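For reference, structure00.txt (compact mmCIF, C-alpha atoms):
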# COMPACT_ATOMS: atom_id res chain seq x y z
CA MET A 1 -10.72 -2.20 38.37
CA ALA A 2 -8.91 -5.20 36.98
CA VAL A 3 -10.31 -7.56 34.39
CA GLN A 4 -10.84 -10.96 35.97
CA PRO A 5 -10.12 -13.94 33.71
CA GLY A 6 -12.98 -16.07 35.03
CA CYS A 7 -16.14 -15.82 37.08
CA LYS A 8 -15.52 -18.73 39.44
CA ASN A 9 -12.37 -17.79 41.34
CA ARG A 10 -13.27 -14.51 42.95
CA VAL A 11 -10.77 -13.06 45.39
CA LYS A 12 -12.27 -11.65 48.58
CA GLU A 13 -10.69 -9.08 50.83
CA SER A 14 -10.29 -9.78 54.54
CA VAL A 15 -13.47 -7.82 55.31
CA GLY A 16 -15.42 -10.17 53.04
CA MET A 17 -15.95 -7.85 50.06
CA GLU A 18 -15.14 -9.27 46.65
CA ASN A 19 -12.56 -7.24 44.75
CA PRO A 20 -14.33 -5.31 41.95
CA TRP A 21 -13.54 -6.59 38.46
CA ARG A 22 -14.64 -5.96 34.89
CA PRO A 23 -15.95 -8.76 32.69
CA THR A 24 -14.45 -9.41 29.27
CA ARG A 25 -16.49 -9.16 26.08
CA GLN A 26 -16.79 -12.93 26.04
CA GLN A 27 -18.00 -13.02 29.63
CA LEU A 28 -20.63 -10.42 28.77
CA ALA A 29 -21.77 -12.45 25.78
CA ASP A 30 -21.92 -15.60 27.93
CA ALA A 31 -23.95 -13.84 30.64
CA ALA A 32 -27.27 -13.94 28.74
CA GLY A 33 -29.74 -15.96 30.76
CA LYS A 34 -27.68 -15.99 33.96
CA THR A 35 -29.30 -15.03 37.25
CA VAL A 36 -28.18 -12.90 40.20
CA ASP A 37 -28.99 -14.00 43.74
CA ASP A 38 -31.51 -11.95 45.71
CA ILE A 39 -30.30 -9.85 48.63
CA ILE A 40 -33.22 -10.56 50.94
CA ALA A 41 -34.20 -11.32 54.53
CA PRO A 42 -37.37 -11.13 56.63
CA GLY A 43 -38.54 -7.74 57.88
CA LEU A 44 -36.71 -5.41 55.51
CA ALA A 45 -37.77 -1.78 55.40
CA VAL A 46 -37.47 -1.71 51.60
CA LEU A 47 -37.03 -4.50 49.06
CA PHE A 48 -35.87 -2.86 45.82
CA CYS A 49 -37.02 -4.65 42.68
CA GLY A 50 -35.18 -4.21 39.40
CA ILE A 51 -36.59 -5.22 36.03
CA ASN A 52 -33.98 -7.91 35.29
CA PRO A 53 -30.19 -8.11 35.43
CA GLY A 54 -28.26 -6.64 32.53
CA LEU A 55 -25.42 -8.62 30.98
CA TYR A 56 -22.83 -6.84 33.11
CA SER A 57 -24.66 -7.76 36.32
CA GLY A 58 -25.18 -11.29 35.05
CA ALA A 59 -21.47 -11.63 34.31
CA VAL A 60 -20.19 -10.38 37.68
CA GLY A 61 -23.08 -11.77 39.72
CA HIS A 62 -24.08 -8.50 41.43
CA HIS A 63 -27.03 -6.14 41.09
CA PHE A 64 -26.85 -2.81 39.23
CA ALA A 65 -23.17 -3.45 38.58
CA ARG A 66 -22.61 -1.73 35.23
CA PRO A 67 -20.64 1.51 35.59
CA GLY A 68 -23.02 4.37 34.92
CA ASN A 69 -25.97 2.78 36.71
CA ARG A 70 -27.07 5.34 39.27
CA PHE A 71 -28.73 3.05 41.81
CA TRP A 72 -25.86 3.02 44.31
CA ALA A 73 -25.19 6.75 44.08
CA ALA A 74 -28.89 7.58 44.50
CA LEU A 75 -29.11 5.23 47.47
CA HIS A 76 -26.33 7.15 49.20
CA MET A 77 -27.42 10.65 48.17
CA SER A 78 -30.94 9.99 49.43
CA GLY A 79 -29.66 8.93 52.85
CA PHE A 80 -30.39 5.20 52.69
CA THR A 81 -26.67 4.48 53.22
CA ASP A 82 -23.93 6.49 54.92
CA ARG A 83 -21.56 5.98 52.00
CA GLN A 84 -21.77 4.79 48.41
CA VAL A 85 -21.84 1.01 48.59
CA SER A 86 -20.22 -0.95 45.76
CA PRO A 87 -22.25 -3.60 43.91
CA PHE A 88 -19.55 -6.03 45.02
CA GLU A 89 -20.46 -5.45 48.67
CA GLU A 90 -24.23 -5.45 48.13
CA GLU A 91 -24.88 -7.69 51.14
CA GLU A 92 -24.06 -4.61 53.25
CA LEU A 93 -27.59 -3.47 52.40
CA LEU A 94 -29.07 -6.02 54.78
CA ARG A 95 -27.45 -4.13 57.65
CA HIS A 96 -29.54 -1.12 56.60
CA ARG A 97 -32.72 -3.24 56.31
CA LEU A 98 -32.61 -3.04 52.52
CA GLY A 99 -32.71 -5.77 49.89
CA ILE A 100 -32.76 -6.35 46.13
CA THR A 101 -34.66 -8.70 43.85
CA ASN A 102 -35.80 -8.60 40.20
CA LEU A 103 -39.08 -8.97 38.36
CA VAL A 104 -37.45 -11.29 35.81
CA GLU A 105 -34.50 -13.39 36.90
CA ARG A 106 -32.67 -13.94 33.60
CA SER A 107 -30.03 -11.51 32.37
CA SER A 108 -30.41 -9.84 28.99
CA ALA A 109 -28.78 -7.07 26.99
CA THR A 110 -31.85 -4.84 27.41
CA ALA A 111 -35.18 -5.08 29.21
CA ASP A 112 -36.86 -4.75 25.78
CA GLU A 113 -36.01 -8.42 25.23
CA LEU A 114 -38.44 -9.48 27.96
CA THR A 115 -41.93 -10.65 27.09
CA VAL A 116 -45.09 -9.43 28.78
CA GLU A 117 -45.63 -13.00 30.00
CA GLU A 118 -42.23 -12.96 31.73
CA LEU A 119 -43.07 -9.66 33.42
CA GLU A 120 -46.48 -10.91 34.55
CA ASN A 121 -44.96 -14.12 35.92
CA GLY A 122 -42.38 -11.98 37.67
CA ALA A 123 -45.13 -9.94 39.27
CA GLU A 124 -46.54 -13.07 40.89
CA ARG A 125 -43.09 -14.11 42.04
CA VAL A 126 -42.48 -10.72 43.69
CA ARG A 127 -45.93 -10.84 45.26
CA SER A 128 -45.02 -14.21 46.80
CA LYS A 129 -41.70 -12.87 48.09
CA ALA A 130 -43.49 -9.94 49.70
CA ALA A 131 -45.85 -12.35 51.45
CA GLN A 132 -42.96 -14.52 52.63
CA TYR A 133 -40.51 -11.82 53.76
CA GLN A 134 -42.92 -9.01 54.71
CA PRO A 135 -40.87 -5.92 53.75
CA GLY A 136 -42.33 -2.53 54.60
CA PHE A 137 -42.22 -1.53 50.92
CA VAL A 138 -41.31 -3.05 47.59
CA GLY A 139 -39.66 -0.35 45.51
CA PHE A 140 -39.96 -1.10 41.79
CA LEU A 141 -37.25 0.47 39.64
CA GLY A 142 -38.88 1.25 36.30
CA ILE A 143 -42.37 2.60 35.67
CA GLY A 144 -42.84 0.93 32.27
CA ALA A 145 -42.02 -2.54 33.55
CA TYR A 146 -44.26 -2.05 36.58
CA ARG A 147 -47.19 -1.01 34.38
CA ALA A 148 -46.72 -4.03 32.10
CA ALA A 149 -46.15 -6.55 34.90
CA PHE A 150 -49.15 -5.54 37.01
CA GLY A 151 -51.49 -4.23 34.31
CA ARG A 152 -51.45 -0.71 35.81
CA SER A 153 -51.25 1.39 32.65
CA SER A 154 -51.94 4.65 34.52
CA ALA A 155 -49.43 4.09 37.36
CA GLN A 156 -47.14 7.01 38.16
CA ILE A 157 -43.85 7.39 40.00
CA GLY A 158 -44.30 7.26 43.78
CA GLU A 159 -46.47 5.34 46.24
CA GLN A 160 -49.19 3.18 44.71
CA PRO A 161 -52.74 2.75 46.03
CA GLU A 162 -52.39 -1.05 45.88
CA THR A 163 -50.44 -3.09 48.43
CA PHE A 164 -49.13 -6.63 48.85
CA GLY A 165 -51.02 -7.27 52.06
CA LYS A 166 -49.23 -5.10 54.63
CA THR A 167 -46.39 -4.29 52.22
CA GLY A 168 -46.60 -0.96 50.47
CA ILE A 169 -45.71 -0.53 46.79
CA TRP A 170 -43.54 2.33 45.53
CA VAL A 171 -42.40 2.95 41.96
CA LEU A 172 -39.08 4.66 41.26
CA PRO A 173 -37.41 5.68 37.99
CA ASN A 174 -35.16 3.12 36.34
CA PRO A 175 -31.59 4.06 37.41
CA SER A 176 -30.03 2.69 34.23
CA GLY A 177 -27.76 5.09 32.37
CA ARG A 178 -30.20 4.84 29.46
CA THR A 179 -32.71 7.06 31.29
CA ALA A 180 -30.70 10.18 30.53
CA HIS A 181 -33.65 12.53 31.05
CA TYR A 182 -33.38 11.90 34.80
CA LEU A 183 -30.53 13.63 36.60
CA LEU A 184 -28.85 11.96 39.55
CA GLU A 185 -30.43 14.59 41.79
CA ASP A 186 -33.86 13.54 40.48
CA PHE A 187 -33.17 9.92 41.40
CA ALA A 188 -31.93 10.92 44.84
CA ASP A 189 -35.09 12.96 45.45
CA ALA A 190 -37.33 10.06 44.42
CA PHE A 191 -35.38 7.65 46.63
CA ARG A 192 -35.48 10.11 49.54
CA LYS A 193 -39.27 10.17 49.50
CA LEU A 194 -39.35 6.39 49.78
CA ARG A 195 -36.82 6.41 52.62
CA ILE A 196 -38.96 8.84 54.60
CA ALA A 197 -42.14 6.83 53.94
CA ALA A 198 -40.33 3.68 55.10
CA GLY A 199 -39.45 5.39 58.38
CA LEU A 200 -35.68 5.13 57.90
CA LYS A 201 -33.45 7.79 59.41
CA LEU A 202 -31.10 9.85 57.28
CA ARG A 203 -27.67 8.18 57.19
CA ARG A 204 -24.63 10.40 56.70
Reformat the file's structure so that it appears as structure tokens.
Amino acid sequence: MAVQPGCKNRVKESVGMENPWRPTRQQLADAAGKTVDDIIAPGLAVLFCGINPGLYSGAVGHHFARPGNRFWAALHMSGFTDRQVSPFEEEELLRHRLGITNLVERSSATADELTVEELENGAERVRSKAAQYQPGFVGFLGIGAYRAAFGRSSAQIGEQPETFGKTGIWVLPNPSGRTAHYLLEDFADAFRKLRIAAGLKLRR
């Protein structure tokens, strides 16, 4: 992966995928407060919802982009995708009826920097997106953020009793490398249960 000197001039391969690149230290520092566009469309089977973009994702403009984040590997191992998709080709998810959004839009070094008010406002924003796009499930990635955003202090990993209208709610572990007590196999198992509930066939 080459270091790209700037964020604006991104080279794309003939198939439309941006060449992966690593941000510099300065680009990471400058990424605080940046946003990453949603990957979203009407009628998705699952809309995954992160807490907020990290600085690495904010710098490169793609979700779950920091090396060591296990989202993409878990997505593949659980059968959502037939190969491990790169963050730089994240729009491929739409072909599988999958999407990505965030509770809080601004990038930060850690989710600990977010206020409860930001999380609660994010909850209303995600609720509105669910009403607009009508996914089968919203899959929240991070139990602590979900509890704080929705005031569900006793919520556990898995399907929730509440819904957004006809949209089910599912909570998954945070795939960040900081959650070292979860093995990749644990993430894949949690993702697999959501895939089955969403009625998606195993992709291999």
Hey, can you check how far CA of Ile196 in chain A sits from CA of Phe88 in chain A?
26.3 Å
Kindly compute an axis-aligned box around the listed atoms of range 149-167 of chain A, allowing 3 Å on each side, and express its centre and edge lengths in Å to one decimal as AutoDock Vina command-line options.
--center_x -48.3 --center_y 0.1 --center_z 43.6 --size_x 14.9 --size_y 20.7 --size_z 28.0
Near-range 95-107 of chain A list (8 Å; only C-alpha atoms; drop same-chain fewer than 5 positions) as a PyMOL selection string
chain A and resi 31-41+43-55+57-58+63+80-81+118-119+122-123+125-126
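In this model, the gap between CA of Gln134 in chain A and CA of Gly165 in chain A comes to 8.7 Å.
In this model, the gap between CA of Val138 in chain A and CA of Ala109 in chain A comes to 24.4 Å.
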Nearby residues (only C-alpha atoms) at most 7 Å from Ala59 in chain A, same-chain spacing under 5 positions excluded, as a list in words
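These residues fall inside the cut-off: Pro23, Gln27, Leu28 and Ala31 of chain A.
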Which residues, written as number ranges by chain, have at least one atom at most 10 Å from Trp72 in chain A, with only C-alpha atoms counted and residues fewer than 2 positions away on the same chain left out?
A: 63-65, 68-70, 74-77, 80-81, 83-87, 90, 175, 188
If we count all atoms listed in the file and set the cut-off at 10 Å, which residues sit around Thr163 in chain A, ignoring sequence neighbours fewer than 5 positions away in its own chain? Please answer as an MDAnalysis selection string.
chainID A and resid 127 130 137:138 168:170
Identify the residues around (-39.9, 2.2, 41.4) within a radius of 10 Å, measuring from all atoms listed in the file in the coordinates stated by the file, and give them as a ChimeraX atom specification.
/A:48-51,138-146,156-160,169-175,190-191,194
